[in-house]
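K.L.:
Let me give you the structure first, and then I'll get to my questions.
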Amino acid sequence: MAADVVLGIDDLTVEFPGVKALDGVSFAVRPGEVHALVGENGAGKSTLLKVLGGVISATRGSVSLEGRPYRPSRPRDAQEAGIAVIYQEFTLFPDLTVAENVFTGREPHHRVTRALDYATMRAECRRIFGQLDVDIDPDARVGDLSISEQQLVEIAKALSVDGRVIIMDEPTAALASSEVARLLDVVRRLRAEGRSVIYVSHHLEEVFEVADRATVLRDGRFVATLDIAATTEDELVRRMVGRDVESVFHREDAERGAVVLQVQNLRAGRVLKDVTIDVRAGEVVGIGGVAGAGQIELTQAVFGALRVHAGSMTLDGRAFTPGSPADAIRAGVGFLHEDRKSAGNFPHLSVEHNLTMTVLDRVRGLGRLISTRRQREVWTTYRERMRIKASSHAQLISNLSGGNQQKVLLGRALAPGGHLLVLNEPTRGVDIGAKAEIHQLVNELTSQGVGVLMVSSDLPELLGMSDRIVVLSQGRVVGRLSGEDATEENVIACATTGRRIGVAA
Ligand SMILES: Nc1ncnc2c1ncn2[C@@H]1O[C@H](COP(=O)(O)OP(=O)(O)OP(=O)(O)O)[C@@H](O)[C@H]1O
Ligand SMILES: [Mg+2]
């Protein structure tokens with residue numbers, strides 16, 4: 001193997017029952033390069049990384065590491081060979097501390113007493129978090145952290161392995177933009193140290209910012225390896241999807257109707273202090289703010305999943321006090337959770353069961369038994385409408401690619417067919433083609449009179465898709481932006497500097 005290859009991937013093929021996730025893929029990763037791996041949902045990116053990480057074995061083909069055959073049969077082999085992987089689906093233990101998670105399986109021990117060496121673990125964690133410029137307590141319980149903090153722990157865990165090759169599967173999917181910038185700095189630093197980074201992301205602007213080269217996969221097959229300096233975003237997208245895709249958001253103007261949701265002086269949970277907001281039929285109201293400003297809590301209160309202390313809500317003009325998510329669904333609220341990895345899905349159930357669970361009362365037949373025929377109809381409708389890529393209705397949701405899992409959950413939110421749709425991070429981890437489809441779907445729904453309350457930490461999406469933006473800070477409304485006021489600068493200014501726009505001081 002040539003000296004300028006650290007990882008050689010040759011004819012790699014992975015078959016799952018009914019799917020060829022990878023089909024004869026070959027390419028090389030050079031030492032000291034950031035090599036992006038891109039492709040649509042289900043293209044095979046995560047599968048390839050799992051082979052490199054020793055999580056699954058290839059059906060055919062081989063990998064070489066610095067010229068020698070590399071065939072890890074478990075994650076430990078990969079670590080010992082100097083390959084560190086940050087997986088798309090978290091692998092953290094919620095009941096353990098941050099430090100315990102970072103060192104899982106290779107905890108340092110005191111030389112004499114053989115007890116766990118917590119001091120070393122803590123110090124090492126602080127060092128890595130220092131590099132990332134974040135402040136996370138090594139003794140905190142992981143289950144108590146926010147998703148973005150958990151993502152940072154996952155990253156710290158990979159960085160603590162002194163890897164030659166560091167593999168990141170959508171590391172920024174759950175990060176705020178300031179955290180993304182810091183992570184990209186870390187990636188550059190790793191490269192400067194002579195390490196190689198394999199970087200998977202649907203955010204092509206990140207790819208153009210840090211990557212030297214990019215390999216494109218489509219339907220499990222190798223398409224091309226491109227020099228980033230010599231290619232354009234359009235070119236990359238065309239290679240990924242095999243057609244031209246409109247990547248800008250088009251918010252079509254829908255007619256505004258009556259107020260669907262009204263929230264008045266809401267105080268709820270620990271964060272929400274005082275929020276007043278309404279959503280009309282045919283309109284998308286976007287909620288902005290820095291992470292933890294109360295966006296998620298607002299959506300949870302509307303979904304009956306958060307204790308309301310004060311204030312009131314109406315839905316379709318009637319008092320609305322959902323005591324549980326079941327109440328909210330019955331009243332016609334469709335809800336997409338921000339975290340598809342844990343609370344969002346039931347990994348041991350099929351895609352069909354995951355999708356139809358919000359409409360169980362509607363798929364019952366004679367004697368109130370669930371009618372498999374009706375259930376299948378609902379599944380088929382949404383599979384087609386959202387172009388969900390699954391091998392069959394019975395496939396476990398956990399075996400779908402990340403973006404296709406998101407589509408199943410969006411289908412679940414839509415299935416009740418109510419007037420109000422609450423979307424948390426609707427296109428997180430979703431590829432560029434599917435993103436356009438989801439935006440199109442939102443346009444369709446609003447033109448049919450649905451009101452949408454949307455939280456998105458993706459600013460271009462928030463600005464591009466919302467008719468109005470309400471910015472929260474510490475549980476209160478600090479900005480109401482529409483028309484010319486709805487700019488990136490204004491959202492950031494309201495969210496971070498305490499400036500107020502469109503709200504009395
Ligand atoms: N354990 C499994 N059993 C069956 N099929 C699987 C399994 N894991 C993955 N697949 C299938 O293999 C294909 C490739 O999935 P993979 O997760 O590698 O895609 P991806 O490129 O990472 O997509 P995304 O961008 O959505 O994360 C998909 O069709 C998926 O459904
Ligand atoms: Mg993936």
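Just remember, in the structure tokens the first chain shown is A, the second B, etc., residues are 1-based per chain, and ligands are 1-based in the order shown.
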List all protein, DNA and RNA residues that have an atom no more than 8 Å from any atom of ligand 1, counting only C-alpha atoms and all ligand atoms, and report them as a PyMOL selection string.
P.N.:
chain A and resi 15-22+38-48+88+169-170+201-202+217+219-220+389-391+395-396+398-405+429-431
K.L.:
Using N, CA and C atoms, can you write the selected residues to a file as a short mmCIF file (atom, residue, chain, number, x, y, z; two decimals), in the first residue's frame?
P.N.:
```
data_model
loop_
_atom_site.label_atom_id
_atom_site.label_comp_id
_atom_site.auth_asym_id
_atom_site.auth_seq_id
_atom_site.Cartn_x
_atom_site.Cartn_y
_atom_site.Cartn_z
N GLU A 15 -23.99 -6.88 4.04
CA GLU A 15 -25.38 -7.22 3.76
C GLU A 15 -26.14 -7.45 5.05
N PHE A 16 -27.31 -6.86 5.13
CA PHE A 16 -28.25 -7.18 6.21
C PHE A 16 -29.40 -7.92 5.54
N PRO A 17 -30.20 -8.65 6.32
CA PRO A 17 -31.31 -9.35 5.68
C PRO A 17 -32.12 -8.38 4.82
N GLY A 18 -32.16 -8.62 3.55
CA GLY A 18 -32.98 -7.79 2.67
C GLY A 18 -32.35 -6.49 2.20
N VAL A 19 -31.21 -6.09 2.73
CA VAL A 19 -30.57 -4.83 2.30
C VAL A 19 -29.07 -5.03 2.11
N LYS A 20 -28.56 -4.46 1.04
CA LYS A 20 -27.12 -4.39 0.87
C LYS A 20 -26.72 -2.99 1.31
N ALA A 21 -26.27 -2.85 2.54
CA ALA A 21 -25.99 -1.52 3.06
C ALA A 21 -24.74 -0.94 2.43
N LEU A 22 -23.77 -1.80 2.11
CA LEU A 22 -22.55 -1.37 1.41
C LEU A 22 -22.29 -2.37 0.30
N VAL A 38 -20.00 11.64 2.72
CA VAL A 38 -21.33 12.22 2.57
C VAL A 38 -22.22 11.32 1.72
N GLY A 39 -23.52 11.55 1.85
CA GLY A 39 -24.50 10.77 1.10
C GLY A 39 -25.85 10.90 1.76
N GLU A 40 -26.88 10.54 1.02
CA GLU A 40 -28.23 10.68 1.54
C GLU A 40 -28.49 9.72 2.70
N ASN A 41 -29.60 9.90 3.37
CA ASN A 41 -29.99 8.99 4.43
C ASN A 41 -30.05 7.57 3.88
N GLY A 42 -29.40 6.65 4.58
CA GLY A 42 -29.43 5.26 4.14
C GLY A 42 -28.35 4.93 3.11
N ALA A 43 -27.46 5.87 2.83
CA ALA A 43 -26.42 5.63 1.82
C ALA A 43 -25.38 4.61 2.28
N GLY A 44 -25.26 4.41 3.60
CA GLY A 44 -24.32 3.42 4.11
C GLY A 44 -23.17 4.01 4.92
N LYS A 45 -23.24 5.29 5.22
CA LYS A 45 -22.14 5.96 5.93
C LYS A 45 -21.90 5.33 7.31
N SER A 46 -22.96 5.27 8.12
CA SER A 46 -22.79 4.73 9.47
C SER A 46 -22.36 3.27 9.44
N THR A 47 -22.87 2.54 8.47
CA THR A 47 -22.50 1.13 8.35
C THR A 47 -20.99 1.00 8.13
N LEU A 48 -20.45 1.84 7.26
CA LEU A 48 -19.01 1.81 6.99
C LEU A 48 -18.23 2.11 8.28
N GLN A 88 -23.22 7.90 15.76
CA GLN A 88 -24.38 8.75 15.57
C GLN A 88 -25.40 8.52 16.69
N ASP A 169 -19.39 10.54 13.40
CA ASP A 169 -20.64 10.34 12.67
C ASP A 169 -21.65 11.40 13.10
N GLU A 170 -21.84 12.39 12.28
CA GLU A 170 -22.74 13.50 12.56
C GLU A 170 -22.54 14.09 13.95
N SER A 201 -21.27 14.35 7.88
CA SER A 201 -22.23 15.39 8.24
C SER A 201 -23.15 15.67 7.07
N HIS A 202 -24.40 16.02 7.41
CA HIS A 202 -25.32 16.48 6.37
C HIS A 202 -25.19 17.98 6.17
N LEU A 217 -21.12 8.51 -1.10
CA LEU A 217 -21.76 7.20 -1.23
C LEU A 217 -23.20 7.42 -1.68
N ASP A 219 -26.70 4.85 -2.16
CA ASP A 219 -27.28 3.50 -2.13
C ASP A 219 -26.23 2.42 -1.88
N GLY A 220 -25.31 2.69 -0.96
CA GLY A 220 -24.33 1.68 -0.59
C GLY A 220 -23.15 1.58 -1.54
N LYS A 389 -37.19 4.94 3.60
CA LYS A 389 -36.46 3.81 3.05
C LYS A 389 -36.35 2.71 4.11
N ALA A 390 -37.22 1.70 3.99
CA ALA A 390 -37.18 0.57 4.92
C ALA A 390 -37.39 -0.69 4.10
N SER A 391 -36.82 -1.82 4.59
CA SER A 391 -36.94 -3.02 3.77
C SER A 391 -38.35 -3.61 3.83
N GLN A 395 -39.55 -4.09 9.70
CA GLN A 395 -38.17 -3.78 10.08
C GLN A 395 -38.14 -3.00 11.40
N LEU A 396 -37.20 -3.34 12.26
CA LEU A 396 -37.08 -2.60 13.52
C LEU A 396 -36.64 -1.17 13.23
N SER A 398 -34.84 0.68 14.89
CA SER A 398 -33.43 0.89 15.22
C SER A 398 -32.49 0.45 14.10
N ASN A 399 -33.02 -0.33 13.14
CA ASN A 399 -32.18 -0.73 12.01
C ASN A 399 -32.27 0.21 10.82
N LEU A 400 -33.07 1.26 10.95
CA LEU A 400 -33.13 2.24 9.87
C LEU A 400 -31.98 3.22 10.02
N SER A 401 -31.62 3.87 8.92
CA SER A 401 -30.62 4.92 9.02
C SER A 401 -31.23 6.08 9.81
N GLY A 402 -30.37 6.93 10.37
CA GLY A 402 -30.83 7.99 11.27
C GLY A 402 -31.90 8.87 10.64
N GLY A 403 -31.68 9.27 9.42
CA GLY A 403 -32.62 10.18 8.77
C GLY A 403 -33.96 9.52 8.50
N ASN A 404 -33.94 8.24 8.19
CA ASN A 404 -35.19 7.54 7.95
C ASN A 404 -35.96 7.31 9.25
N GLN A 405 -35.25 7.15 10.37
CA GLN A 405 -35.93 7.08 11.66
C GLN A 405 -36.69 8.39 11.89
N GLY A 429 -30.30 15.73 11.39
CA GLY A 429 -29.76 14.46 10.89
C GLY A 429 -30.40 14.00 9.58
N VAL A 430 -31.14 14.91 8.94
CA VAL A 430 -31.85 14.52 7.73
C VAL A 430 -31.06 15.03 6.52
N ASP A 431 -30.96 14.24 5.46
CA ASP A 431 -30.14 14.66 4.34
C ASP A 431 -30.82 15.76 3.54
#
```
K.L.:
Which residues come within 7 Å of A:Ile198, counting only C-alpha atoms, excluding same-chain residues fewer than 2 positions away, as JSON, numbers by chain?
P.N.:
{"A": [34, 35, 36, 37, 166, 167, 168, 196, 200]}
K.L.:
Please produce an output containing C-alpha atoms for each residue in the selection, written as a PDB file, in the first residue's frame.
P.N.:
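Result went into part16.pdb, see below:
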```pdb
ATOM      1  CA  VAL A  34      -9.971  15.466   7.114  1.00  0.00           C
ATOM      2  CA  HIS A  35     -11.923  13.121   4.911  1.00  0.00           C
ATOM      3  CA  ALA A  36     -15.637  13.801   4.730  1.00  0.00           C
ATOM      4  CA  LEU A  37     -18.074  11.008   4.039  1.00  0.00           C
ATOM      5  CA  ILE A 166     -10.779   9.737  14.574  1.00  0.00           C
ATOM      6  CA  ILE A 167     -14.162   9.021  13.130  1.00  0.00           C
ATOM      7  CA  MET A 168     -17.117  11.304  13.718  1.00  0.00           C
ATOM      8  CA  SER A 196      -6.752  11.638  10.166  1.00  0.00           C
ATOM      9  CA  VAL A 200     -19.777  12.538   8.430  1.00  0.00           C
TER      10      VAL A 200
END
```
K.L.:
Residues at most 8 Å from stretch 419-428 of chain A, counting only C-alpha atoms, excluding those fewer than 5 positions away in the same chain, as a PyMOL selection string?
P.N.:
chain A and resi 173-174+260-261+281+296+299+332-338+403+406+410+413-414+435+438+449-458
K.L.:
Neighbouring residues of A:Ala495 were defined as those with any atom within 7 Å, considering only C-alpha atoms; residues of the same chain fewer than 2 positions away were excluded. Please report them as JSON, numbers by chain.
P.N.:
{"A": [289, 290, 471, 472, 473, 491, 492, 493, 497, 498]}
K.L.:
Determine which residues of stretch 260-447 of chain A receive a DSSP assignment of helix (DSSP H, G or I), computed from the backbone, and state them as a VMD selection string.
P.N.:
chain A and resid 295 to 302 325 to 330 340 to 344 351 to 363 366 to 368 372 to 385 397 to 399 402 to 414 432 to 447
K.L.:
Produce a file of the selected residues containing C-alpha atoms, as a PDB file, in the first residue's frame.
P.N.:
```
ATOM      1  CA  GLN A 295     -38.043  26.347  23.585  1.00  0.00           C
ATOM      2  CA  ILE A 296     -38.296  22.637  24.312  1.00  0.00           C
ATOM      3  CA  GLU A 297     -40.272  23.259  27.519  1.00  0.00           C
ATOM      4  CA  LEU A 298     -42.782  25.366  25.617  1.00  0.00           C
ATOM      5  CA  THR A 299     -43.443  22.531  23.187  1.00  0.00           C
ATOM      6  CA  GLN A 300     -43.645  20.029  26.035  1.00  0.00           C
ATOM      7  CA  ALA A 301     -46.226  22.142  27.873  1.00  0.00           C
ATOM      8  CA  VAL A 302     -48.365  22.266  24.728  1.00  0.00           C
ATOM      9  CA  PRO A 325     -49.473  13.554  25.856  1.00  0.00           C
ATOM     10  CA  ALA A 326     -52.407  11.200  25.261  1.00  0.00           C
ATOM     11  CA  ASP A 327     -54.796  14.107  25.970  1.00  0.00           C
ATOM     12  CA  ALA A 328     -52.870  16.329  23.580  1.00  0.00           C
ATOM     13  CA  ILE A 329     -52.888  13.737  20.793  1.00  0.00           C
ATOM     14  CA  ARG A 330     -56.610  13.181  21.244  1.00  0.00           C
ATOM     15  CA  ARG A 340     -35.205  10.660  18.299  1.00  0.00           C
ATOM     16  CA  LYS A 341     -32.494   8.579  19.903  1.00  0.00           C
ATOM     17  CA  SER A 342     -34.044   8.057  23.312  1.00  0.00           C
ATOM     18  CA  ALA A 343     -37.473   9.379  24.163  1.00  0.00           C
ATOM     19  CA  GLY A 344     -38.531   9.576  20.541  1.00  0.00           C
ATOM     20  CA  VAL A 351     -41.328   0.898  11.807  1.00  0.00           C
ATOM     21  CA  GLU A 352     -45.031   0.275  11.314  1.00  0.00           C
ATOM     22  CA  HIS A 353     -45.742   0.088  15.039  1.00  0.00           C
ATOM     23  CA  ASN A 354     -43.640   3.139  15.725  1.00  0.00           C
ATOM     24  CA  LEU A 355     -45.459   5.111  13.082  1.00  0.00           C
ATOM     25  CA  THR A 356     -49.004   4.117  13.953  1.00  0.00           C
ATOM     26  CA  MET A 357     -48.897   4.326  17.733  1.00  0.00           C
ATOM     27  CA  THR A 358     -50.544   7.759  17.795  1.00  0.00           C
ATOM     28  CA  VAL A 359     -53.551   6.485  15.868  1.00  0.00           C
ATOM     29  CA  LEU A 360     -54.193   3.144  17.564  1.00  0.00           C
ATOM     30  CA  ASP A 361     -57.820   4.021  18.232  1.00  0.00           C
ATOM     31  CA  ARG A 362     -58.259   4.628  14.519  1.00  0.00           C
ATOM     32  CA  VAL A 363     -56.782   1.350  13.380  1.00  0.00           C
ATOM     33  CA  LEU A 366     -64.239  -5.368  14.993  1.00  0.00           C
ATOM     34  CA  GLY A 367     -64.285  -5.892  18.765  1.00  0.00           C
ATOM     35  CA  ARG A 368     -61.798  -3.013  19.203  1.00  0.00           C
ATOM     36  CA  THR A 372     -53.424  -5.104  10.913  1.00  0.00           C
ATOM     37  CA  ARG A 373     -54.889  -4.197   7.556  1.00  0.00           C
ATOM     38  CA  ARG A 374     -55.680  -0.630   8.619  1.00  0.00           C
ATOM     39  CA  GLN A 375     -52.370  -0.325  10.369  1.00  0.00           C
ATOM     40  CA  ARG A 376     -50.639  -1.396   7.186  1.00  0.00           C
ATOM     41  CA  GLU A 377     -52.611   1.212   5.212  1.00  0.00           C
ATOM     42  CA  VAL A 378     -51.431   4.013   7.492  1.00  0.00           C
ATOM     43  CA  TRP A 379     -47.852   2.799   7.261  1.00  0.00           C
ATOM     44  CA  THR A 380     -48.002   2.556   3.459  1.00  0.00           C
ATOM     45  CA  THR A 381     -49.503   6.022   3.123  1.00  0.00           C
ATOM     46  CA  TYR A 382     -46.732   7.680   5.095  1.00  0.00           C
ATOM     47  CA  ARG A 383     -43.963   5.513   3.723  1.00  0.00           C
ATOM     48  CA  GLU A 384     -44.855   6.745   0.256  1.00  0.00           C
ATOM     49  CA  ARG A 385     -45.591  10.300   1.230  1.00  0.00           C
ATOM     50  CA  ILE A 397     -36.870   1.180  13.649  1.00  0.00           C
ATOM     51  CA  SER A 398     -33.426   0.893  15.217  1.00  0.00           C
ATOM     52  CA  ASN A 399     -32.178  -0.729  12.013  1.00  0.00           C
ATOM     53  CA  GLY A 402     -30.829   7.994  11.266  1.00  0.00           C
ATOM     54  CA  GLY A 403     -32.616  10.181   8.775  1.00  0.00           C
ATOM     55  CA  ASN A 404     -35.193   7.540   7.950  1.00  0.00           C
ATOM     56  CA  GLN A 405     -35.931   7.081  11.665  1.00  0.00           C
ATOM     57  CA  GLN A 406     -36.672  10.796  11.752  1.00  0.00           C
ATOM     58  CA  LYS A 407     -39.118  10.427   8.875  1.00  0.00           C
ATOM     59  CA  VAL A 408     -40.978   7.624  10.673  1.00  0.00           C
ATOM     60  CA  LEU A 409     -41.347   9.829  13.737  1.00  0.00           C
ATOM     61  CA  LEU A 410     -42.523  12.740  11.645  1.00  0.00           C
ATOM     62  CA  GLY A 411     -45.092  10.424  10.081  1.00  0.00           C
ATOM     63  CA  ARG A 412     -46.229   9.511  13.590  1.00  0.00           C
ATOM     64  CA  ALA A 413     -46.693  13.201  14.407  1.00  0.00           C
ATOM     65  CA  LEU A 414     -48.712  13.757  11.231  1.00  0.00           C
ATOM     66  CA  ILE A 432     -30.487  17.505   1.922  1.00  0.00           C
ATOM     67  CA  GLY A 433     -33.031  15.805  -0.323  1.00  0.00           C
ATOM     68  CA  ALA A 434     -35.223  14.703   2.575  1.00  0.00           C
ATOM     69  CA  LYS A 435     -34.903  18.142   4.134  1.00  0.00           C
ATOM     70  CA  ALA A 436     -36.394  19.698   1.032  1.00  0.00           C
ATOM     71  CA  GLU A 437     -39.175  17.085   1.168  1.00  0.00           C
ATOM     72  CA  ILE A 438     -39.945  17.843   4.814  1.00  0.00           C
ATOM     73  CA  HIS A 439     -40.101  21.566   4.090  1.00  0.00           C
ATOM     74  CA  GLN A 440     -42.387  20.880   1.155  1.00  0.00           C
ATOM     75  CA  LEU A 441     -44.578  18.803   3.440  1.00  0.00           C
ATOM     76  CA  VAL A 442     -44.806  21.675   5.934  1.00  0.00           C
ATOM     77  CA  ASN A 443     -45.855  23.974   3.090  1.00  0.00           C
ATOM     78  CA  GLU A 444     -48.529  21.491   2.047  1.00  0.00           C
ATOM     79  CA  LEU A 445     -49.840  21.124   5.574  1.00  0.00           C
ATOM     80  CA  THR A 446     -50.075  24.851   6.191  1.00  0.00           C
ATOM     81  CA  SER A 447     -51.869  25.346   2.895  1.00  0.00           C
TER      82      SER A 447
END
```
K.L.:
For the contact check between stretch 37-83 of chain A and stretch 98-117 of chain A, emit one row per residue of stretch 37-83 of chain A within 12 Å, containing the shortest atom pair and the distance in Å rounded to one decimal, counting only C-alpha atoms, chain then rising number order, as a Markdown table.
P.N.:
```
| residue | atom | partner | partner_atom | distance |
| --- | --- | --- | --- | --- |
| A:Pro75 | CA | A:Gly105 | CA | 10.3 |
| A:Arg76 | CA | A:Gly105 | CA | 8.4 |
| A:Gln79 | CA | A:Arg106 | CA | 10.0 |
| A:Glu80 | CA | A:Arg106 | CA | 10.6 |
```
K.L.:
Residues within 12 Å of A:Asp212, please, as a PDB file with N, CA and C atoms, in the first residue's frame. Count only C-alpha atoms; anything in the same chain fewer than 3 positions from it doesn't count.
P.N.:
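As a result, around.pdb now contains:
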```pdb
ATOM      1  N   VAL A  29      -7.966   6.742   2.889  1.00  0.00           N
ATOM      2  CA  VAL A  29      -7.863   7.913   3.741  1.00  0.00           C
ATOM      3  C   VAL A  29      -6.382   8.186   3.950  1.00  0.00           C
ATOM      4  N   ARG A  30      -5.960   9.442   3.723  1.00  0.00           N
ATOM      5  CA  ARG A  30      -4.552   9.783   3.862  1.00  0.00           C
ATOM      6  C   ARG A  30      -4.232  10.216   5.289  1.00  0.00           C
ATOM      7  N   PRO A  31      -2.965  10.085   5.674  1.00  0.00           N
ATOM      8  CA  PRO A  31      -2.594  10.584   6.995  1.00  0.00           C
ATOM      9  C   PRO A  31      -2.746  12.106   7.034  1.00  0.00           C
ATOM     10  N   GLY A  32      -3.209  12.619   8.164  1.00  0.00           N
ATOM     11  CA  GLY A  32      -3.291  14.071   8.330  1.00  0.00           C
ATOM     12  C   GLY A  32      -4.301  14.752   7.437  1.00  0.00           C
ATOM     13  N   GLU A  33      -5.328  14.043   7.024  1.00  0.00           N
ATOM     14  CA  GLU A  33      -6.374  14.726   6.251  1.00  0.00           C
ATOM     15  C   GLU A  33      -7.721  14.607   6.959  1.00  0.00           C
ATOM     16  N   VAL A  34      -8.571  15.574   6.685  1.00  0.00           N
ATOM     17  CA  VAL A  34      -9.971  15.466   7.114  1.00  0.00           C
ATOM     18  C   VAL A  34     -10.732  14.974   5.896  1.00  0.00           C
ATOM     19  N   HIS A  35     -11.258  13.780   6.035  1.00  0.00           N
ATOM     20  CA  HIS A  35     -11.923  13.121   4.911  1.00  0.00           C
ATOM     21  C   HIS A  35     -13.421  13.052   5.210  1.00  0.00           C
ATOM     22  N   ALA A  36     -14.191  13.822   4.489  1.00  0.00           N
ATOM     23  CA  ALA A  36     -15.637  13.801   4.730  1.00  0.00           C
ATOM     24  C   ALA A  36     -16.263  12.603   4.032  1.00  0.00           C
ATOM     25  N   LEU A  37     -17.329  12.103   4.644  1.00  0.00           N
ATOM     26  CA  LEU A  37     -18.074  11.008   4.039  1.00  0.00           C
ATOM     27  C   LEU A  37     -19.514  11.505   3.948  1.00  0.00           C
ATOM     28  N   VAL A 187     -11.221  19.681  15.271  1.00  0.00           N
ATOM     29  CA  VAL A 187     -10.931  18.841  14.105  1.00  0.00           C
ATOM     30  C   VAL A 187      -9.673  19.347  13.409  1.00  0.00           C
ATOM     31  N   ARG A 188      -9.576  20.661  13.244  1.00  0.00           N
ATOM     32  CA  ARG A 188      -8.376  21.228  12.603  1.00  0.00           C
ATOM     33  C   ARG A 188      -7.126  20.932  13.430  1.00  0.00           C
ATOM     34  N   ARG A 191      -5.964  17.434  12.934  1.00  0.00           N
ATOM     35  CA  ARG A 191      -5.271  17.309  11.649  1.00  0.00           C
ATOM     36  C   ARG A 191      -3.846  17.864  11.749  1.00  0.00           C
ATOM     37  N   SER A 196      -5.748  11.578  11.224  1.00  0.00           N
ATOM     38  CA  SER A 196      -6.752  11.638  10.166  1.00  0.00           C
ATOM     39  C   SER A 196      -8.127  11.666  10.811  1.00  0.00           C
ATOM     40  N   VAL A 197      -9.016  12.402  10.199  1.00  0.00           N
ATOM     41  CA  VAL A 197     -10.386  12.467  10.713  1.00  0.00           C
ATOM     42  C   VAL A 197     -11.339  12.080   9.581  1.00  0.00           C
ATOM     43  N   ILE A 198     -12.229  11.142   9.891  1.00  0.00           N
ATOM     44  CA  ILE A 198     -13.315  10.854   8.938  1.00  0.00           C
ATOM     45  C   ILE A 198     -14.548  11.546   9.492  1.00  0.00           C
ATOM     46  N   TYR A 199     -15.120  12.420   8.686  1.00  0.00           N
ATOM     47  CA  TYR A 199     -16.139  13.332   9.184  1.00  0.00           C
ATOM     48  C   TYR A 199     -17.431  13.163   8.402  1.00  0.00           C
ATOM     49  N   GLU A 206     -20.196  22.710   6.771  1.00  0.00           N
ATOM     50  CA  GLU A 206     -19.123  22.218   7.648  1.00  0.00           C
ATOM     51  C   GLU A 206     -18.094  21.439   6.833  1.00  0.00           C
ATOM     52  N   VAL A 207     -18.587  20.640   5.911  1.00  0.00           N
ATOM     53  CA  VAL A 207     -17.693  19.853   5.072  1.00  0.00           C
ATOM     54  C   VAL A 207     -16.763  20.787   4.306  1.00  0.00           C
ATOM     55  N   PHE A 208     -17.345  21.862   3.752  1.00  0.00           N
ATOM     56  CA  PHE A 208     -16.511  22.794   2.990  1.00  0.00           C
ATOM     57  C   PHE A 208     -15.569  23.577   3.894  1.00  0.00           C
ATOM     58  N   GLU A 209     -15.964  23.710   5.163  1.00  0.00           N
ATOM     59  CA  GLU A 209     -15.102  24.460   6.068  1.00  0.00           C
ATOM     60  C   GLU A 209     -13.893  23.646   6.526  1.00  0.00           C
ATOM     61  N   THR A 215     -15.662  11.772   0.215  1.00  0.00           N
ATOM     62  CA  THR A 215     -16.106  10.604  -0.535  1.00  0.00           C
ATOM     63  C   THR A 215     -17.624  10.564  -0.486  1.00  0.00           C
ATOM     64  N   THR A 225     -14.495  10.286  -4.991  1.00  0.00           N
ATOM     65  CA  THR A 225     -13.781  11.026  -3.952  1.00  0.00           C
ATOM     66  C   THR A 225     -13.351  12.343  -4.593  1.00  0.00           C
ATOM     67  N   LEU A 226     -13.753  13.455  -3.979  1.00  0.00           N
ATOM     68  CA  LEU A 226     -13.528  14.772  -4.584  1.00  0.00           C
ATOM     69  C   LEU A 226     -12.609  15.614  -3.711  1.00  0.00           C
ATOM     70  N   ASP A 227     -11.808  16.426  -4.379  1.00  0.00           N
ATOM     71  CA  ASP A 227     -11.006  17.413  -3.678  1.00  0.00           C
ATOM     72  C   ASP A 227     -11.902  18.580  -3.339  1.00  0.00           C
ATOM     73  N   ILE A 228     -12.007  18.926  -2.074  1.00  0.00           N
ATOM     74  CA  ILE A 228     -12.955  19.960  -1.692  1.00  0.00           C
ATOM     75  C   ILE A 228     -12.607  21.299  -2.333  1.00  0.00           C
ATOM     76  N   ALA A 229     -11.306  21.602  -2.407  1.00  0.00           N
ATOM     77  CA  ALA A 229     -10.912  22.902  -2.967  1.00  0.00           C
ATOM     78  C   ALA A 229     -11.325  23.028  -4.431  1.00  0.00           C
ATOM     79  N   ALA A 230     -11.514  21.890  -5.092  1.00  0.00           N
ATOM     80  CA  ALA A 230     -11.790  21.944  -6.520  1.00  0.00           C
ATOM     81  C   ALA A 230     -13.241  21.596  -6.843  1.00  0.00           C
ATOM     82  N   THR A 231     -14.109  21.663  -5.832  1.00  0.00           N
ATOM     83  CA  THR A 231     -15.494  21.299  -6.114  1.00  0.00           C
ATOM     84  C   THR A 231     -16.447  22.328  -5.494  1.00  0.00           C
TER      85      THR A 231
END
```
K.L.:
Tell me which protein, DNA and RNA residues are within 9 Å of A:Tyr70, counting only C-alpha atoms, leaving out same-chain ones fewer than 5 positions away, and put them as a ChimeraX atom specification.
P.N.:
/A:7,52,62-65,78,81
K.L.:
For the selection you just gave me, I'd like the residues written to a file as a PDB file, in the first residue's frame, keeping C-alpha atoms.
P.N.:
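Once everything was written out, this is result16.pdb:
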```
ATOM      1  CA  LEU A   7      -6.707   3.514   5.954  1.00  0.00           C
ATOM      2  CA  LEU A  52     -14.109   0.419  11.004  1.00  0.00           C
ATOM      3  CA  SER A  62     -11.033  -5.762   3.458  1.00  0.00           C
ATOM      4  CA  VAL A  63      -9.541  -2.813   5.282  1.00  0.00           C
ATOM      5  CA  SER A  64      -5.871  -2.054   5.798  1.00  0.00           C
ATOM      6  CA  LEU A  65      -4.379   0.177   8.462  1.00  0.00           C
ATOM      7  CA  ALA A  78     -10.439  -0.708  17.121  1.00  0.00           C
ATOM      8  CA  ALA A  81      -5.409  -0.058  16.950  1.00  0.00           C
TER       9      ALA A  81
END
```
K.L.:
Nearest to ligand 2 among A:Arg195, A:Arg68, A:Arg189, A:Glu89, with distances taken over only C-alpha atoms and all ligand atoms: which residue is it?
P.N.:
A:Glu89
K.L.:
Between atom CA of A:Ile501 and atom CA of A:Val478, what is the spacing in Å?
P.N.:
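Going from atom CA of A:Val478 over to atom CA of A:Ile501 covers 6.8 Å.
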K.L.:
With distances taken over only C-alpha atoms and all ligand atoms, which residue among A:Val6, A:Ala254, A:Ile128, A:Leu49 lies nearest ligand 2?
P.N.:
A:Leu49
